[in-house]
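**Student:** Have a look at this one before I ask anything.
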Amino acid sequence: MRAPHGLLRLLVLAAACAAPLCASAAPNLESFWTPKLERARSGQALIDELPKAAVLINDTGAGELAAGDFAGLKLKPSAIEQVKAYDYKQELKRENTCNAPSVAFFMQAPFPMEVYQDEKLIVLKMEYFDLYRVIFLDGRPHPPADAPHSKSGHSVGHWDGDTLVVDTTHIESGTFMNNGFNHSDALHMVERFRMSPDGKTLWLTQLYDDPATFDGLAARYMAWTRKAGDHVYPYDCDPSYGE
Amino acid sequence: MIRVLLEDSGMSRRFVPQPLRLARALALALAAAALAIGAPAAAHHSFAVHFVADKLIDVSGTVTEFSFRNPHGLLALTAKDANGKDQQWKIETNSPNILRRRGWSETSIKPGDLVTVEGYPARDGSNFMRVYRVTFPDGRELVGQRPDPTVPSGKD
């Protein structure tokens, strides 16, 4: 069938845009976003949509968990062994200083990001460690399970009304909590991004499932403030720090 | 907090008890475990694990080096101990990216500057701290990580 053109094309587009998942009707997240330090969670409604059994990890933005505090998660025996073996002073060594965390940790770091948006693609340019993410909205599946893993993983997304839902797999094992608890490379993460009605705040929840390292589900919440016109700075991590 | 004044070119240094023998023993135990199991460090540098968040100390002296690169800036300082002997201190800053937005730059601090640094002590009791504030003799201040009981200490 030939591609519609002229008036027919307009009618097809109009019909498509009447559908709930019309990409062109999706909220426009494109902007510079800087972490929002909140004393009260403005995006509580998004948190309330998480599964009730999910453990909310309260270490986002400027927050941190102390040594030995794993937010109440029940760690698997192998994870307990890994945590016992953790030596925080190793982090200051040249080979570890610039070892960036994965998407399961870097999104909540207190650094800004730029968001670029198209109907089929969203790109997040992170300031932290000069990382970036690509979220495919074109309906493609994840690659085979044995495909290479990366810090950002492989992300596919779709719009659920005003909420961007992103499913990420193929995440390289890395920091889950920066007190020594790492996630496995089998971590599965589902995110929900939503803007406030005034477009000034971006909220996100991340839901994690990693049966290799902990029981049940875990989650994080984070928020950013729109600051149009600004841009991220280069990070250029220097591995010589600590020498 | 115990405060001890030292003769140091008219500048002073506050002193806190050696923090946490227990933490040092725990660190040694963890290090031994790491050697036994050989687990790699895959976590980014944590503030809470390295520093005592609810204590502030201060050190005054002469800047010998200032590095303003990510993941953290680093200030090296020569101070005097109670016997007038030189002591070398290292002071970690927040990420320079964060500090640029708070008014810092590569040239904010120069070797030879006399400064007083207030910060959070290292858990292992070494001459290492995380900066809260740098003050110059003319009263100029550079704020790194502000203590705020309503906001947990940062990992930036």
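Order determines the names: the first chain of the structure tokens is A, the second B, and so forth; residues in each chain are numbered 1 upward, and ligands are numbered 1 upward as they are shown.
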Please identify every residue of chain A that has at least one atom no more than 6 Å from any atom of chain B, counting only C-alpha atoms, and report them as an MDAnalysis selection string.
**Tutor:** chainID A and resid 62:63 66:67 85:87 90:91 174:175 178 237:238
**Student:** Report, in Å to a single decimal, how far apart atom CA of Lys74 of chain A and atom CA of Ala145 of chain A are.
**Tutor:** 25.9 Å
**Student:** Once DSSP has gone over the backbone, tell me which residues of segment 44-218 of chain A are in helix (DSSP H, G or I), as a list in words.
**Tutor:**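 So, restricting segment 44-218 of chain A to helix (DSSP H, G or I), we get Gln44, Ala45, Leu46, Ile47, Asp48, Pro77, Ser78, Ala79, Ile80, Glu81, Gln82, Val83, Lys84, Tyr88, Lys89, Gln90, Glu91, Leu92, Arg94, Glu95, Asn96, Thr97, Val103, Ala104, Phe105, Phe106, Tyr128, Phe129 and Asp130 of chain A.
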**Student:** With N, CA and C atoms retained, could you export that selection as an mmCIF file, in the first residue's frame?
**Tutor:**
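What landed in result.cif:
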data_model
loop_
_atom_site.group_PDB
_atom_site.id
_atom_site.type_symbol
_atom_site.label_atom_id
_atom_site.label_comp_id
_atom_site.auth_asym_id
_atom_site.auth_seq_id
_atom_site.Cartn_x
_atom_site.Cartn_y
_atom_site.Cartn_z
ATOM 1 N N GLN A 44 4.858 12.532 45.015
ATOM 2 C CA GLN A 44 4.363 11.421 45.825
ATOM 3 C C GLN A 44 3.362 10.554 45.046
ATOM 4 N N ALA A 45 2.590 11.174 44.151
ATOM 5 C CA ALA A 45 1.594 10.408 43.396
ATOM 6 C C ALA A 45 2.263 9.317 42.563
ATOM 7 N N LEU A 46 3.437 9.639 42.021
ATOM 8 C CA LEU A 46 4.161 8.639 41.219
ATOM 9 C C LEU A 46 4.678 7.510 42.121
ATOM 10 N N ILE A 47 5.128 7.880 43.308
ATOM 11 C CA ILE A 47 5.591 6.871 44.274
ATOM 12 C C ILE A 47 4.430 5.950 44.645
ATOM 13 N N ASP A 48 3.265 6.540 44.821
ATOM 14 C CA ASP A 48 2.096 5.746 45.227
ATOM 15 C C ASP A 48 1.708 4.705 44.182
ATOM 16 N N PRO A 77 22.638 -14.513 49.843
ATOM 17 C CA PRO A 77 23.932 -14.879 50.446
ATOM 18 C C PRO A 77 25.135 -14.386 49.642
ATOM 19 N N SER A 78 25.057 -14.472 48.321
ATOM 20 C CA SER A 78 26.210 -14.036 47.513
ATOM 21 C C SER A 78 26.414 -12.527 47.647
ATOM 22 N N ALA A 79 25.321 -11.794 47.772
ATOM 23 C CA ALA A 79 25.436 -10.337 47.931
ATOM 24 C C ALA A 79 26.004 -10.004 49.311
ATOM 25 N N ILE A 80 25.619 -10.794 50.306
ATOM 26 C CA ILE A 80 26.162 -10.568 51.658
ATOM 27 C C ILE A 80 27.674 -10.783 51.648
ATOM 28 N N GLU A 81 28.107 -11.824 50.947
ATOM 29 C CA GLU A 81 29.554 -12.075 50.843
ATOM 30 C C GLU A 81 30.253 -10.926 50.126
ATOM 31 N N GLN A 82 29.602 -10.427 49.080
ATOM 32 C CA GLN A 82 30.202 -9.335 48.312
ATOM 33 C C GLN A 82 30.326 -8.078 49.174
ATOM 34 N N VAL A 83 29.299 -7.804 49.965
ATOM 35 C CA VAL A 83 29.321 -6.620 50.827
ATOM 36 C C VAL A 83 30.379 -6.760 51.915
ATOM 37 N N LYS A 84 30.520 -7.972 52.447
ATOM 38 C CA LYS A 84 31.541 -8.205 53.480
ATOM 39 C C LYS A 84 32.937 -7.951 52.917
ATOM 40 N N TYR A 88 36.216 0.143 51.172
ATOM 41 C CA TYR A 88 35.929 1.449 50.585
ATOM 42 C C TYR A 88 37.181 2.190 50.140
ATOM 43 N N LYS A 89 38.326 1.852 50.708
ATOM 44 C CA LYS A 89 39.550 2.563 50.317
ATOM 45 C C LYS A 89 40.001 2.189 48.903
ATOM 46 N N GLN A 90 39.502 1.043 48.430
ATOM 47 C CA GLN A 90 39.841 0.659 47.059
ATOM 48 C C GLN A 90 39.257 1.632 46.029
ATOM 49 N N GLU A 91 38.213 2.356 46.452
ATOM 50 C CA GLU A 91 37.568 3.289 45.520
ATOM 51 C C GLU A 91 38.498 4.424 45.119
ATOM 52 N N LEU A 92 39.490 4.713 45.966
ATOM 53 C CA LEU A 92 40.394 5.826 45.685
ATOM 54 C C LEU A 92 41.566 5.419 44.805
ATOM 55 N N ARG A 94 43.539 4.304 41.379
ATOM 56 C CA ARG A 94 43.447 4.772 39.997
ATOM 57 C C ARG A 94 42.472 3.940 39.162
ATOM 58 N N GLU A 95 42.516 2.609 39.348
ATOM 59 C CA GLU A 95 41.690 1.741 38.503
ATOM 60 C C GLU A 95 40.209 1.818 38.853
ATOM 61 N N ASN A 96 39.872 2.412 40.000
ATOM 62 C CA ASN A 96 38.466 2.456 40.408
ATOM 63 C C ASN A 96 37.867 3.854 40.417
ATOM 64 N N THR A 97 38.706 4.878 40.503
ATOM 65 C CA THR A 97 38.203 6.242 40.680
ATOM 66 C C THR A 97 37.193 6.632 39.609
ATOM 67 N N VAL A 103 23.186 2.701 35.346
ATOM 68 C CA VAL A 103 21.942 3.478 35.323
ATOM 69 C C VAL A 103 21.088 3.228 36.569
ATOM 70 N N ALA A 104 21.367 2.120 37.251
ATOM 71 C CA ALA A 104 20.623 1.837 38.479
ATOM 72 C C ALA A 104 21.097 2.717 39.626
ATOM 73 N N PHE A 105 22.144 3.501 39.382
ATOM 74 C CA PHE A 105 22.624 4.418 40.425
ATOM 75 C C PHE A 105 22.866 5.829 39.881
ATOM 76 N N PHE A 106 23.302 5.936 38.610
ATOM 77 C CA PHE A 106 23.734 7.267 38.164
ATOM 78 C C PHE A 106 22.586 8.251 37.958
ATOM 79 N N TYR A 128 26.969 13.570 34.985
ATOM 80 C CA TYR A 128 27.720 12.647 35.831
ATOM 81 C C TYR A 128 28.485 11.661 34.953
ATOM 82 N N PHE A 129 29.801 11.695 35.036
ATOM 83 C CA PHE A 129 30.673 10.796 34.293
ATOM 84 C C PHE A 129 30.478 10.873 32.780
ATOM 85 N N ASP A 130 29.902 11.958 32.272
ATOM 86 C CA ASP A 130 29.683 12.134 30.823
ATOM 87 C C ASP A 130 28.874 10.978 30.234
#
**Student:** I need the residues of segment 124-172 of chain A that end up classed as strand (DSSP E) by DSSP on the backbone, written out as an mmCIF file with N, CA, C and O atoms, in the first residue's frame.
**Tutor:**
data_model
loop_
_atom_site.group_PDB
_atom_site.id
_atom_site.type_symbol
_atom_site.label_atom_id
_atom_site.label_comp_id
_atom_site.auth_asym_id
_atom_site.auth_seq_id
_atom_site.Cartn_x
_atom_site.Cartn_y
_atom_site.Cartn_z
ATOM 1 N N LEU A 124 19.166 11.006 26.834
ATOM 2 C CA LEU A 124 19.503 11.707 28.074
ATOM 3 C C LEU A 124 21.022 11.891 28.098
ATOM 4 O O LEU A 124 21.759 10.905 28.060
ATOM 5 N N LYS A 125 21.447 13.121 28.130
ATOM 6 C CA LYS A 125 22.880 13.421 28.245
ATOM 7 C C LYS A 125 23.140 13.794 29.702
ATOM 8 O O LYS A 125 22.710 14.840 30.171
ATOM 9 N N MET A 126 23.831 12.905 30.391
ATOM 10 C CA MET A 126 24.058 13.088 31.819
ATOM 11 C C MET A 126 25.369 13.830 32.050
ATOM 12 O O MET A 126 26.366 13.581 31.372
ATOM 13 N N TYR A 132 25.473 8.822 28.941
ATOM 14 C CA TYR A 132 24.260 9.132 28.186
ATOM 15 C C TYR A 132 23.372 7.898 28.112
ATOM 16 O O TYR A 132 23.827 6.777 28.340
ATOM 17 N N ARG A 133 22.122 8.134 27.825
ATOM 18 C CA ARG A 133 21.164 7.045 27.654
ATOM 19 C C ARG A 133 20.394 7.249 26.364
ATOM 20 O O ARG A 133 20.083 8.395 26.003
ATOM 21 N N VAL A 134 20.064 6.161 25.707
ATOM 22 C CA VAL A 134 19.193 6.200 24.541
ATOM 23 C C VAL A 134 17.970 5.346 24.863
ATOM 24 O O VAL A 134 18.110 4.193 25.275
ATOM 25 N N ILE A 135 16.793 5.927 24.722
ATOM 26 C CA ILE A 135 15.543 5.204 24.986
ATOM 27 C C ILE A 135 14.794 5.086 23.662
ATOM 28 O O ILE A 135 14.384 6.100 23.077
ATOM 29 N N PHE A 136 14.642 3.858 23.170
ATOM 30 C CA PHE A 136 13.977 3.633 21.887
ATOM 31 C C PHE A 136 12.467 3.581 22.086
ATOM 32 O O PHE A 136 11.959 2.854 22.933
ATOM 33 N N HIS A 154 20.081 -1.368 27.880
ATOM 34 C CA HIS A 154 19.269 -1.212 26.667
ATOM 35 C C HIS A 154 17.856 -0.836 27.098
ATOM 36 O O HIS A 154 17.205 -1.570 27.846
ATOM 37 N N SER A 155 17.408 0.322 26.644
ATOM 38 C CA SER A 155 16.131 0.867 27.110
ATOM 39 C C SER A 155 15.129 1.000 25.983
ATOM 40 O O SER A 155 15.434 1.570 24.928
ATOM 41 N N VAL A 156 13.929 0.478 26.220
ATOM 42 C CA VAL A 156 12.811 0.672 25.291
ATOM 43 C C VAL A 156 11.671 1.314 26.076
ATOM 44 O O VAL A 156 11.460 1.000 27.255
ATOM 45 N N GLY A 157 10.967 2.229 25.431
ATOM 46 C CA GLY A 157 9.933 2.951 26.160
ATOM 47 C C GLY A 157 8.668 3.150 25.366
ATOM 48 O O GLY A 157 8.624 2.909 24.148
ATOM 49 N N HIS A 158 7.632 3.564 26.065
ATOM 50 C CA HIS A 158 6.376 3.939 25.417
ATOM 51 C C HIS A 158 5.654 4.930 26.329
ATOM 52 O O HIS A 158 5.968 5.034 27.530
ATOM 53 N N TRP A 159 4.720 5.640 25.739
ATOM 54 C CA TRP A 159 3.945 6.593 26.528
ATOM 55 C C TRP A 159 2.686 5.918 27.050
ATOM 56 O O TRP A 159 1.945 5.299 26.286
ATOM 57 N N ASP A 160 2.474 6.043 28.334
ATOM 58 C CA ASP A 160 1.246 5.568 28.974
ATOM 59 C C ASP A 160 0.521 6.836 29.442
ATOM 60 O O ASP A 160 0.722 7.301 30.565
ATOM 61 N N THR A 163 2.701 9.602 31.004
ATOM 62 C CA THR A 163 3.855 8.992 31.673
ATOM 63 C C THR A 163 4.703 8.210 30.679
ATOM 64 O O THR A 163 4.181 7.389 29.918
ATOM 65 N N LEU A 164 5.996 8.470 30.699
ATOM 66 C CA LEU A 164 6.936 7.714 29.867
ATOM 67 C C LEU A 164 7.368 6.489 30.662
ATOM 68 O O LEU A 164 7.955 6.618 31.746
ATOM 69 N N VAL A 165 7.083 5.320 30.123
ATOM 70 C CA VAL A 165 7.443 4.063 30.790
ATOM 71 C C VAL A 165 8.644 3.471 30.056
ATOM 72 O O VAL A 165 8.593 3.270 28.835
ATOM 73 N N VAL A 166 9.709 3.202 30.785
ATOM 74 C CA VAL A 166 10.951 2.728 30.164
ATOM 75 C C VAL A 166 11.365 1.416 30.811
ATOM 76 O O VAL A 166 11.430 1.308 32.044
ATOM 77 N N ASP A 167 11.635 0.444 29.953
ATOM 78 C CA ASP A 167 12.061 -0.877 30.420
ATOM 79 C C ASP A 167 13.526 -1.054 30.030
ATOM 80 O O ASP A 167 13.875 -0.926 28.864
ATOM 81 N N THR A 168 14.372 -1.337 31.022
ATOM 82 C CA THR A 168 15.808 -1.421 30.745
ATOM 83 C C THR A 168 16.378 -2.751 31.220
ATOM 84 O O THR A 168 16.136 -3.178 32.354
ATOM 85 N N THR A 169 17.138 -3.381 30.330
ATOM 86 C CA THR A 169 17.862 -4.621 30.637
ATOM 87 C C THR A 169 19.313 -4.433 30.170
ATOM 88 O O THR A 169 19.693 -3.343 29.752
#
**Student:** May I ask which of the residues B:Asp81, B:Asp58, B:Glu106, B:Glu65 is the closest one to Tyr132 of chain B, counting only C-alpha atoms?
**Tutor:**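 Between B:Asp81, B:Asp58, B:Glu106, B:Glu65, the residue approaching Tyr132 of chain B most closely is B:Asp58.
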